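Peer 1: Take this structure first; my questions come after.
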Amino acid sequence: MGESAPPPGLKLMDSEEFREHAHRMVDFVADYYRHIEKFPVRSQVSPGYLNDLIPAFAPQDPESFDDILADVSNIIIPGLTHWQSPSFFSYYPANSSTAGILAEILISGFNTVNFSWIASPAATELEIIVVNWLGKLLELPDSFLSGSSGNGKGGGVIQGSATEGMLVTLCAARSRAISKHTANGLVEEDVVRRLRAYTSDQTHMCLHKACKIAGIKLVVLPTTKETNYALSPALLRGAIEEGGDDVIPLYLGATLGTTSSAAVDPLLELGEIAQEYEMWFHVDAAYGGSACICPEYRHFLDGIEKADSLNVGTHKWLLTNLDCSVLWVKNARTLTSTLSVQSEYLRNKASEAGEVVDFKDWQVSLGKRFRALKLWLVMRLYGSSKLKNYIIHHTCLARLFERKVTEDKRFEILVPCRFGLVCFRLKAIEASSVNALNENLLHAVNSNETTFITHTVLSGDFLLRMAVGGTLTEAKHVIKAWETIQKKATQLLSSK
């Protein structure tokens, strides 16, 4: 049998068709932002709502762009929680911006796969440059910077998330420890069994996930109100010493801006302990790190010179659309020696001569998006002065909300307001009912559709979290949220 004829040519990338659809899509997104306050902040749909609205099988024939946009409006948007709403005060922010969206168009348009320098030299070199830009804004030690700006050993890379940064540094620390202890006569399996990572009970769950993947036991240390839920150096030292000779201290995870209460661990003191026990010291500044570009908050990074690695999530609070999590390390070779993989089809003269950086050796995945374009556009379109003012704008709004809470004697604040987060609760006549009262208040506020907040539990106390940091958030939105909370509190208390 002869071969069948190929199917008719598919013209899937026509520049004029793209231009027409892209203009309409930009208008669609612009209108979405213009009308975003008309939508319920939190989606009100029930689980499985899409099953009855979308067919069980993919379409065989092409569908019209008009029909697709209509479905986005009628089917998808009702199922969205609108993270870019100015009245979204939950979790931590996930900033979007004109610069970030425009950069995503470029990234998708180029669609390069930047695993090595030769795969797209501009992608690798721009990433090195813009990560250095951010490092200098944070006044990081030169040991964290790449190329001529640093000491030649350190550098930065854009990861997809803080979890990825923790995982790769944990793996690097494990490899370093295995090499050291097996050279001294220990068996690798015995070394791995004895390795321990240490952190506080306020550290983000991503470190728990990283330890689970890497096969490292994690020692979680309790925090208290007396330290404002920061990790106690004395408690850390005691836990290490309690392990005795059967334990090899491997990794210390500290946080600059915890999720529950924006607590900041004492980096200098913890770093000294980490150095004493030859532990890898990682600082998770996914949230609070962005604020440290401001002189008012840079002191929270004091002691960072003791760290081996640091990550800052610019996709949270620095106008760089998801995903863009910057990781710096003092010694890049610890990463590359652990994560480097080679294959014949990846060989090239520049890499083999050691003249370039191949970011495939700095991360879990081989492929890599051109994320540096986002950070580049953000920093160029807004400039460092405007970015600093943007952060201060939010911290001032958080202080405004804090003042509103303290002025209403029915409420109380149990932990200090830090960065853009306020943790508070409604008082109760009977102490035994205060947690239930505040949980009911949370549900009442979020059922209102105009405001979305979340909660945490600290020392057994159920607290409401007001996280200010949205790109579009202004004072009027904060005040409106507070008025909603007051109204719902009044209704709850009057029903008792």
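Chain labels run A, B, ... following the order of the structure tokens; each chain numbers its residues from 1, and ligands are numbered from 1 in the order shown.
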Can you tell me which residues surround A:Thr169 at a distance of at most 8 Å, considering only C-alpha atoms, apart from same-chain residues fewer than 4 positions away, and format the answer as a short mmCIF file (atom, residue, chain, number, x, y, z; two decimals) with N, CA, C and O atoms, in the first residue's frame?

Peer 2:
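That gives us around_27.cif:
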data_model
loop_
_atom_site.label_atom_id
_atom_site.label_comp_id
_atom_site.auth_asym_id
_atom_site.auth_seq_id
_atom_site.Cartn_x
_atom_site.Cartn_y
_atom_site.Cartn_z
N GLY A 165 12.57 26.77 44.98
CA GLY A 165 13.81 27.28 45.55
C GLY A 165 14.25 26.51 46.77
O GLY A 165 15.43 26.20 46.95
N ALA A 173 22.16 21.08 49.69
CA ALA A 173 22.68 20.89 51.04
C ALA A 173 22.88 19.41 51.34
O ALA A 173 23.89 19.01 51.95
N HIS A 282 18.78 28.91 54.76
CA HIS A 282 17.93 29.47 53.70
C HIS A 282 16.92 30.44 54.30
O HIS A 282 16.30 30.16 55.33
N SER A 309 21.30 31.03 51.03
CA SER A 309 20.35 31.28 49.95
C SER A 309 19.18 32.12 50.45
O SER A 309 18.90 32.19 51.65
N LEU A 335 24.66 24.18 43.68
CA LEU A 335 23.46 23.82 42.93
C LEU A 335 23.80 23.01 41.69
O LEU A 335 23.23 21.95 41.44
#

Peer 1: Taking the chain letters and numbering used in this document, name the residues of stretch 39-131 of chain A that DSSP puts in alpha helix (DSSP H), as number ranges by chain.

Peer 2: A: 65-71, 98-110, 121-131

Peer 1: Please dump the current selection as a short mmCIF file (atom, residue, chain, number, x, y, z; two decimals), in the first residue's frame; keep C-alpha atoms.

Peer 2:
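Now in again.cif:
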data_model
loop_
_atom_site.label_atom_id
_atom_site.label_comp_id
_atom_site.auth_asym_id
_atom_site.auth_seq_id
_atom_site.Cartn_x
_atom_site.Cartn_y
_atom_site.Cartn_z
CA PHE A 65 -13.46 33.19 18.57
CA ASP A 66 -16.75 34.94 19.40
CA ASP A 67 -18.14 31.76 20.95
CA ILE A 68 -14.97 31.20 22.96
CA LEU A 69 -14.98 34.74 24.37
CA ALA A 70 -18.66 34.38 25.21
CA ASP A 71 -17.92 31.20 27.15
CA THR A 98 0.33 46.48 32.80
CA ALA A 99 4.04 45.72 32.53
CA GLY A 100 3.56 42.14 33.68
CA ILE A 101 0.71 41.44 31.26
CA LEU A 102 2.52 42.99 28.31
CA ALA A 103 5.62 40.97 29.13
CA GLU A 104 3.53 37.79 29.15
CA ILE A 105 2.47 38.59 25.59
CA LEU A 106 6.12 38.81 24.60
CA ILE A 107 7.00 35.63 26.48
CA SER A 108 4.20 33.67 24.83
CA GLY A 109 4.93 35.21 21.46
CA PHE A 110 8.62 34.29 21.51
CA PRO A 121 21.37 33.77 24.79
CA ALA A 122 19.23 36.85 25.49
CA ALA A 123 17.02 34.93 27.92
CA THR A 124 19.95 33.73 30.03
CA GLU A 125 21.88 36.99 30.00
CA LEU A 126 18.84 39.17 30.72
CA GLU A 127 17.96 36.95 33.69
CA ILE A 128 21.45 37.37 35.14
CA ILE A 129 21.25 41.14 34.72
CA VAL A 130 17.75 41.77 36.11
CA VAL A 131 18.28 39.43 39.06
#

Peer 1: If I take atom CA of A:Pro141 and atom CA of A:Asp308, how far is one from the other in Å, to one decimal?

Peer 2: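 Straight-line distance from atom CA of A:Pro141 to atom CA of A:Asp308 works out to 11.3 Å.
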
Peer 1: Using only C-alpha atoms, find each residue in stretch 107-196 of chain A having at least one atom no more than 9 Å away from stretch 331-334 of chain A; report its shortest atom-to-atom pair and that distance in Å (one decimal), rows by chain then rising number, as a Markdown table.

Peer 2:
| residue | atom | partner | partner_atom | distance |
| --- | --- | --- | --- | --- |
| A:Ser143 | CA | A:Asn331 | CA | 8.1 |
| A:Phe144 | CA | A:Asn331 | CA | 8.0 |
| A:Gly152 | CA | A:Asn331 | CA | 8.7 |
| A:Lys153 | CA | A:Asn331 | CA | 5.0 |
| A:Gly154 | CA | A:Asn331 | CA | 4.6 |
| A:Gly155 | CA | A:Ala332 | CA | 6.3 |
| A:Gly156 | CA | A:Ala332 | CA | 8.3 |
| A:Thr169 | CA | A:Thr334 | CA | 8.4 |
| A:Ala172 | CA | A:Thr334 | CA | 5.6 |
| A:Ala173 | CA | A:Thr334 | CA | 7.7 |
| A:Ser175 | CA | A:Thr334 | CA | 8.2 |
| A:Arg176 | CA | A:Thr334 | CA | 7.2 |

Peer 1: Would you work out the distance separating atom CA of A:Ala353 from atom CA of A:Thr338, expressed in Å to one decimal?

Peer 2: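 Distance reported for this atom pair: 19.4 Å.
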
Peer 1: Where in stretch 132-311 of chain A does DSSP assign strand (DSSP E or B), given as an mmCIF file with N, CA and C atoms, in the first residue's frame?

Peer 2:
data_model
loop_
_atom_site.group_PDB
_atom_site.id
_atom_site.type_symbol
_atom_site.label_atom_id
_atom_site.label_comp_id
_atom_site.auth_asym_id
_atom_site.auth_seq_id
_atom_site.Cartn_x
_atom_site.Cartn_y
_atom_site.Cartn_z
ATOM 1 N N GLY A 155 25.123 33.877 42.722
ATOM 2 C CA GLY A 155 24.279 34.308 41.628
ATOM 3 C C GLY A 155 22.826 34.031 41.904
ATOM 4 N N GLY A 156 21.981 34.456 40.969
ATOM 5 C CA GLY A 156 20.552 34.283 41.142
ATOM 6 C C GLY A 156 19.903 33.653 39.935
ATOM 7 N N VAL A 157 18.716 33.107 40.163
ATOM 8 C CA VAL A 157 17.950 32.441 39.113
ATOM 9 C C VAL A 157 16.473 32.651 39.423
ATOM 10 N N ILE A 158 15.660 32.771 38.381
ATOM 11 C CA ILE A 158 14.220 32.921 38.568
ATOM 12 C C ILE A 158 13.572 31.549 38.538
ATOM 13 N N GLN A 159 13.000 31.165 39.673
ATOM 14 C CA GLN A 159 12.264 29.912 39.784
ATOM 15 C C GLN A 159 10.769 30.182 39.622
ATOM 16 N N LEU A 195 20.319 12.988 58.714
ATOM 17 C CA LEU A 195 20.176 14.394 58.342
ATOM 18 C C LEU A 195 18.867 14.980 58.875
ATOM 19 N N ARG A 196 18.958 16.228 59.331
ATOM 20 C CA ARG A 196 17.779 16.922 59.857
ATOM 21 C C ARG A 196 17.728 18.357 59.316
ATOM 22 N N ALA A 197 16.511 18.766 58.963
ATOM 23 C CA ALA A 197 16.244 20.174 58.659
ATOM 24 C C ALA A 197 15.455 20.762 59.826
ATOM 25 N N TYR A 198 15.655 22.049 60.090
ATOM 26 C CA TYR A 198 15.011 22.707 61.224
ATOM 27 C C TYR A 198 14.261 23.949 60.741
ATOM 28 N N THR A 199 13.118 24.185 61.354
ATOM 29 C CA THR A 199 12.343 25.378 61.030
ATOM 30 C C THR A 199 11.327 25.613 62.134
ATOM 31 N N SER A 200 10.528 26.667 61.993
ATOM 32 C CA SER A 200 9.513 26.958 63.002
ATOM 33 C C SER A 200 8.144 26.481 62.530
ATOM 34 N N LYS A 217 14.195 14.448 57.129
ATOM 35 C CA LYS A 217 13.313 14.642 58.282
ATOM 36 C C LYS A 217 13.359 16.103 58.717
ATOM 37 N N LEU A 218 12.182 16.649 58.976
ATOM 38 C CA LEU A 218 12.050 18.057 59.350
ATOM 39 C C LEU A 218 11.678 18.179 60.818
ATOM 40 N N VAL A 219 12.461 18.953 61.555
ATOM 41 C CA VAL A 219 12.189 19.237 62.963
ATOM 42 C C VAL A 219 11.488 20.592 63.028
ATOM 43 N N VAL A 220 10.236 20.587 63.484
ATOM 44 C CA VAL A 220 9.430 21.811 63.535
ATOM 45 C C VAL A 220 9.399 22.319 64.967
ATOM 46 N N LEU A 221 9.870 23.535 65.162
ATOM 47 C CA LEU A 221 9.995 24.106 66.502
ATOM 48 C C LEU A 221 8.850 25.076 66.783
ATOM 49 N N ILE A 248 22.663 14.735 62.226
ATOM 50 C CA ILE A 248 23.522 15.647 61.469
ATOM 51 C C ILE A 248 22.674 16.850 61.068
ATOM 52 N N PRO A 249 22.880 18.007 61.706
ATOM 53 C CA PRO A 249 22.130 19.209 61.320
ATOM 54 C C PRO A 249 22.464 19.588 59.872
ATOM 55 N N LEU A 250 21.448 19.705 59.042
ATOM 56 C CA LEU A 250 21.663 19.913 57.611
ATOM 57 C C LEU A 250 21.221 21.276 57.119
ATOM 58 N N TYR A 251 20.014 21.703 57.516
ATOM 59 C CA TYR A 251 19.354 22.806 56.823
ATOM 60 C C TYR A 251 18.518 23.586 57.823
ATOM 61 N N LEU A 252 18.597 24.892 57.759
ATOM 62 C CA LEU A 252 17.786 25.762 58.599
ATOM 63 C C LEU A 252 16.959 26.669 57.699
ATOM 64 N N GLY A 253 15.637 26.595 57.851
ATOM 65 C CA GLY A 253 14.733 27.440 57.073
ATOM 66 C C GLY A 253 14.158 28.545 57.932
ATOM 67 N N ALA A 254 14.511 29.779 57.605
ATOM 68 C CA ALA A 254 13.975 30.950 58.306
ATOM 69 C C ALA A 254 13.037 31.703 57.377
ATOM 70 N N THR A 255 12.212 32.562 57.955
ATOM 71 C CA THR A 255 11.207 33.273 57.160
ATOM 72 C C THR A 255 11.238 34.763 57.446
ATOM 73 N N LEU A 256 11.102 35.542 56.373
ATOM 74 C CA LEU A 256 10.952 36.990 56.492
ATOM 75 C C LEU A 256 9.545 37.333 56.000
ATOM 76 N N VAL A 264 8.922 37.843 61.459
ATOM 77 C CA VAL A 264 10.262 37.862 60.868
ATOM 78 C C VAL A 264 11.228 37.173 61.833
ATOM 79 N N TRP A 280 23.134 24.482 56.098
ATOM 80 C CA TRP A 280 22.715 25.380 55.026
ATOM 81 C C TRP A 280 21.624 26.288 55.593
ATOM 82 N N PHE A 281 21.783 27.595 55.437
ATOM 83 C CA PHE A 281 20.834 28.558 55.987
ATOM 84 C C PHE A 281 20.078 29.222 54.839
ATOM 85 N N HIS A 282 18.776 28.906 54.755
ATOM 86 C CA HIS A 282 17.927 29.465 53.702
ATOM 87 C C HIS A 282 16.922 30.440 54.301
ATOM 88 N N VAL A 283 16.741 31.578 53.647
ATOM 89 C CA VAL A 283 15.781 32.586 54.092
ATOM 90 C C VAL A 283 14.662 32.693 53.066
ATOM 91 N N ASP A 284 13.457 32.381 53.498
ATOM 92 C CA ASP A 284 12.274 32.500 52.654
ATOM 93 C C ASP A 284 11.677 33.887 52.865
ATOM 94 N N SER A 309 21.299 31.034 51.033
ATOM 95 C CA SER A 309 20.352 31.276 49.953
ATOM 96 C C SER A 309 19.185 32.118 50.451
ATOM 97 N N LEU A 310 18.523 32.760 49.488
ATOM 98 C CA LEU A 310 17.412 33.662 49.778
ATOM 99 C C LEU A 310 16.464 33.634 48.599
ATOM 100 N N ASN A 311 15.152 33.601 48.874
ATOM 101 C CA ASN A 311 14.205 33.756 47.774
ATOM 102 C C ASN A 311 13.213 34.879 48.062
#

Peer 1: Using only C-alpha atoms, which residue out of A:Cys324, A:Ile413, A:Ala372, A:Ile485 lies closest to A:Glu164?

Peer 2: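 Using only C-alpha atoms, the shortest distance to A:Glu164 belongs to A:Cys324.
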
Peer 1: Pick out the closest residue to A:Gly244 from this set: A:Phe28, A:Leu134, A:Leu493, A:Arg194. Count only C-alpha atoms.

Peer 2: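 Once distances to A:Gly244 are computed over only C-alpha atoms, the minimum belongs to A:Arg194.
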
Peer 1: Report the closest atom pair, with its distance in Å rounded to one decimal, for each residue of stretch 64-160 of chain A that has an atom no farther than 9 Å from stretch 48-53 of chain A; count only C-alpha atoms, sort by chain and then rising residue number, and write it as a tab-separated table.

Peer 2:
residue	atom	partner	partner_atom	distance
A:Ile75	CA	A:Leu53	CA	7.2
A:Ile76	CA	A:Leu50	CA	8.5
A:Gly79	CA	A:Tyr49	CA	8.2

Peer 1: Keeping only N, CA and C atoms, take the residues you just selected and write them out as a compact mmCIF listing (two decimals), in the first residue's frame.

Peer 2:
# COMPACT_ATOMS: atom_id res chain seq x y z
N ILE A 75 -19.10 31.40 31.44
CA ILE A 75 -18.82 30.14 32.13
C ILE A 75 -17.59 30.24 33.03
N ILE A 76 -16.53 30.85 32.53
CA ILE A 76 -15.27 30.88 33.29
C ILE A 76 -15.26 31.95 34.37
N GLY A 79 -16.71 31.40 37.75
CA GLY A 79 -15.97 30.46 38.58
C GLY A 79 -14.63 30.97 39.05

Peer 1: Near stretch 271-273 of chain A, within 8 Å and counting only C-alpha atoms, which residues show up once chain neighbours fewer than 5 positions away are dropped, as a PyMOL selection string?

Peer 2: chain A and resi 233+237+281+303-304+306-307

Peer 1: Show me, as CSV, the residues of stretch 324-398 of chain A having an atom within 10 Å of stretch 450-469 of chain A, each with the closest atom pair and its distance in Å, using only C-alpha atoms.

Peer 2:
residue,atom,partner,partner_atom,distance
A:Tyr390,CA,A:Gly469,CA,9.0
A:Ile391,CA,A:Gly469,CA,7.9
A:His393,CA,A:Gly469,CA,8.8
A:His394,CA,A:Gly469,CA,5.6
A:Thr395,CA,A:Val468,CA,7.6
A:Cys396,CA,A:Val468,CA,9.5
A:Leu397,CA,A:Val468,CA,7.1
A:Ala398,CA,A:Val468,CA,6.0

Peer 1: Residues as selected, N, CA and C atoms, written as a PDB file, in the first residue's frame, can you do that?

Peer 2:
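Result written to result.pdb:
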ATOM      1  N   TYR A 390       5.014  52.220  45.807  1.00  0.00           N
ATOM      2  CA  TYR A 390       3.925  51.249  45.726  1.00  0.00           C
ATOM      3  C   TYR A 390       3.853  50.416  47.006  1.00  0.00           C
ATOM      4  N   ILE A 391       4.994  49.950  47.479  1.00  0.00           N
ATOM      5  CA  ILE A 391       5.041  49.177  48.729  1.00  0.00           C
ATOM      6  C   ILE A 391       4.589  50.039  49.903  1.00  0.00           C
ATOM      7  N   HIS A 393       2.717  52.642  49.907  1.00  0.00           N
ATOM      8  CA  HIS A 393       1.274  52.892  49.783  1.00  0.00           C
ATOM      9  C   HIS A 393       0.483  51.800  50.504  1.00  0.00           C
ATOM     10  N   HIS A 394       0.861  50.544  50.291  1.00  0.00           N
ATOM     11  CA  HIS A 394       0.132  49.439  50.913  1.00  0.00           C
ATOM     12  C   HIS A 394       0.370  49.379  52.417  1.00  0.00           C
ATOM     13  N   THR A 395       1.590  49.624  52.854  1.00  0.00           N
ATOM     14  CA  THR A 395       1.848  49.572  54.299  1.00  0.00           C
ATOM     15  C   THR A 395       1.097  50.687  55.021  1.00  0.00           C
ATOM     16  N   CYS A 396       0.936  51.830  54.359  1.00  0.00           N
ATOM     17  CA  CYS A 396       0.152  52.910  54.960  1.00  0.00           C
ATOM     18  C   CYS A 396      -1.328  52.524  55.042  1.00  0.00           C
ATOM     19  N   LEU A 397      -1.826  51.836  54.022  1.00  0.00           N
ATOM     20  CA  LEU A 397      -3.213  51.379  54.057  1.00  0.00           C
ATOM     21  C   LEU A 397      -3.419  50.341  55.163  1.00  0.00           C
ATOM     22  N   ALA A 398      -2.427  49.486  55.371  1.00  0.00           N
ATOM     23  CA  ALA A 398      -2.527  48.514  56.461  1.00  0.00           C
ATOM     24  C   ALA A 398      -2.561  49.225  57.810  1.00  0.00           C
TER      25      ALA A 398
END

Peer 1: Within 6 Å of A:Ser325, counting only C-alpha atoms, which residues show up once you throw out same-chain ones fewer than 4 positions away? Write them as an MDAnalysis selection string, please.

Peer 2: chainID A and resid 158:161 312:314

Peer 1: Excluding same-chain residues fewer than 6 positions from stretch 32-47 of chain A, what lies within 10 Å of it counting only C-alpha atoms, as a list in words?

Peer 2: Val26, Ser73, Ile77, Pro78, Gly79, Leu80, Thr81, His82, Trp83, Gln84, Ser85, Pro86, Ser87, Phe88, Phe89, Ser90, Asn446, Ser447, Asn448, Glu449, Thr450, Thr451, Phe452, Ile453 and Leu472 of chain A

Peer 1: Pick out the closest residue to A:Gly288 from this set: A:Gly354, A:Pro266, A:Pro93, A:Gly257. Count only C-alpha atoms.

Peer 2: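 Counting only C-alpha atoms, the residue closest to A:Gly288 is A:Gly257.
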
Peer 1: Write out as a list in words each polymer residue whose atoms come within 10 Å of A:Asp302, counting only C-alpha atoms; drop sequence neighbours fewer than 5 positions from it.

Peer 2: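 Returned residues: Leu140, Pro266, Leu267 and Leu268 of chain A.
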
Peer 1: Selected residues, N, CA, C and O atoms, written as a PDB file, in the first residue's frame, please.

Peer 2:
ATOM      1  N   LEU A 140      21.815  43.417  48.766  1.00  0.00           N
ATOM      2  CA  LEU A 140      22.374  42.122  49.129  1.00  0.00           C
ATOM      3  C   LEU A 140      23.895  42.178  49.083  1.00  0.00           C
ATOM      4  O   LEU A 140      24.476  42.954  48.305  1.00  0.00           O
ATOM      5  N   PRO A 266      14.820  36.107  63.477  1.00  0.00           N
ATOM      6  CA  PRO A 266      16.064  36.861  63.706  1.00  0.00           C
ATOM      7  C   PRO A 266      17.220  36.279  62.891  1.00  0.00           C
ATOM      8  O   PRO A 266      17.882  35.332  63.322  1.00  0.00           O
ATOM      9  N   LEU A 267      17.458  36.814  61.711  1.00  0.00           N
ATOM     10  CA  LEU A 267      18.388  36.210  60.763  1.00  0.00           C
ATOM     11  C   LEU A 267      19.816  36.156  61.284  1.00  0.00           C
ATOM     12  O   LEU A 267      20.517  35.155  61.093  1.00  0.00           O
ATOM     13  N   LEU A 268      20.267  37.223  61.922  1.00  0.00           N
ATOM     14  CA  LEU A 268      21.660  37.264  62.369  1.00  0.00           C
ATOM     15  C   LEU A 268      21.953  36.168  63.381  1.00  0.00           C
ATOM     16  O   LEU A 268      22.914  35.395  63.223  1.00  0.00           O
TER      17      LEU A 268
END

Peer 1: For the atom pair atom CA of A:Trp482 and atom CA of A:Thr203, what is the interatomic distance in Å to one decimal place?

Peer 2: 28.4 Å
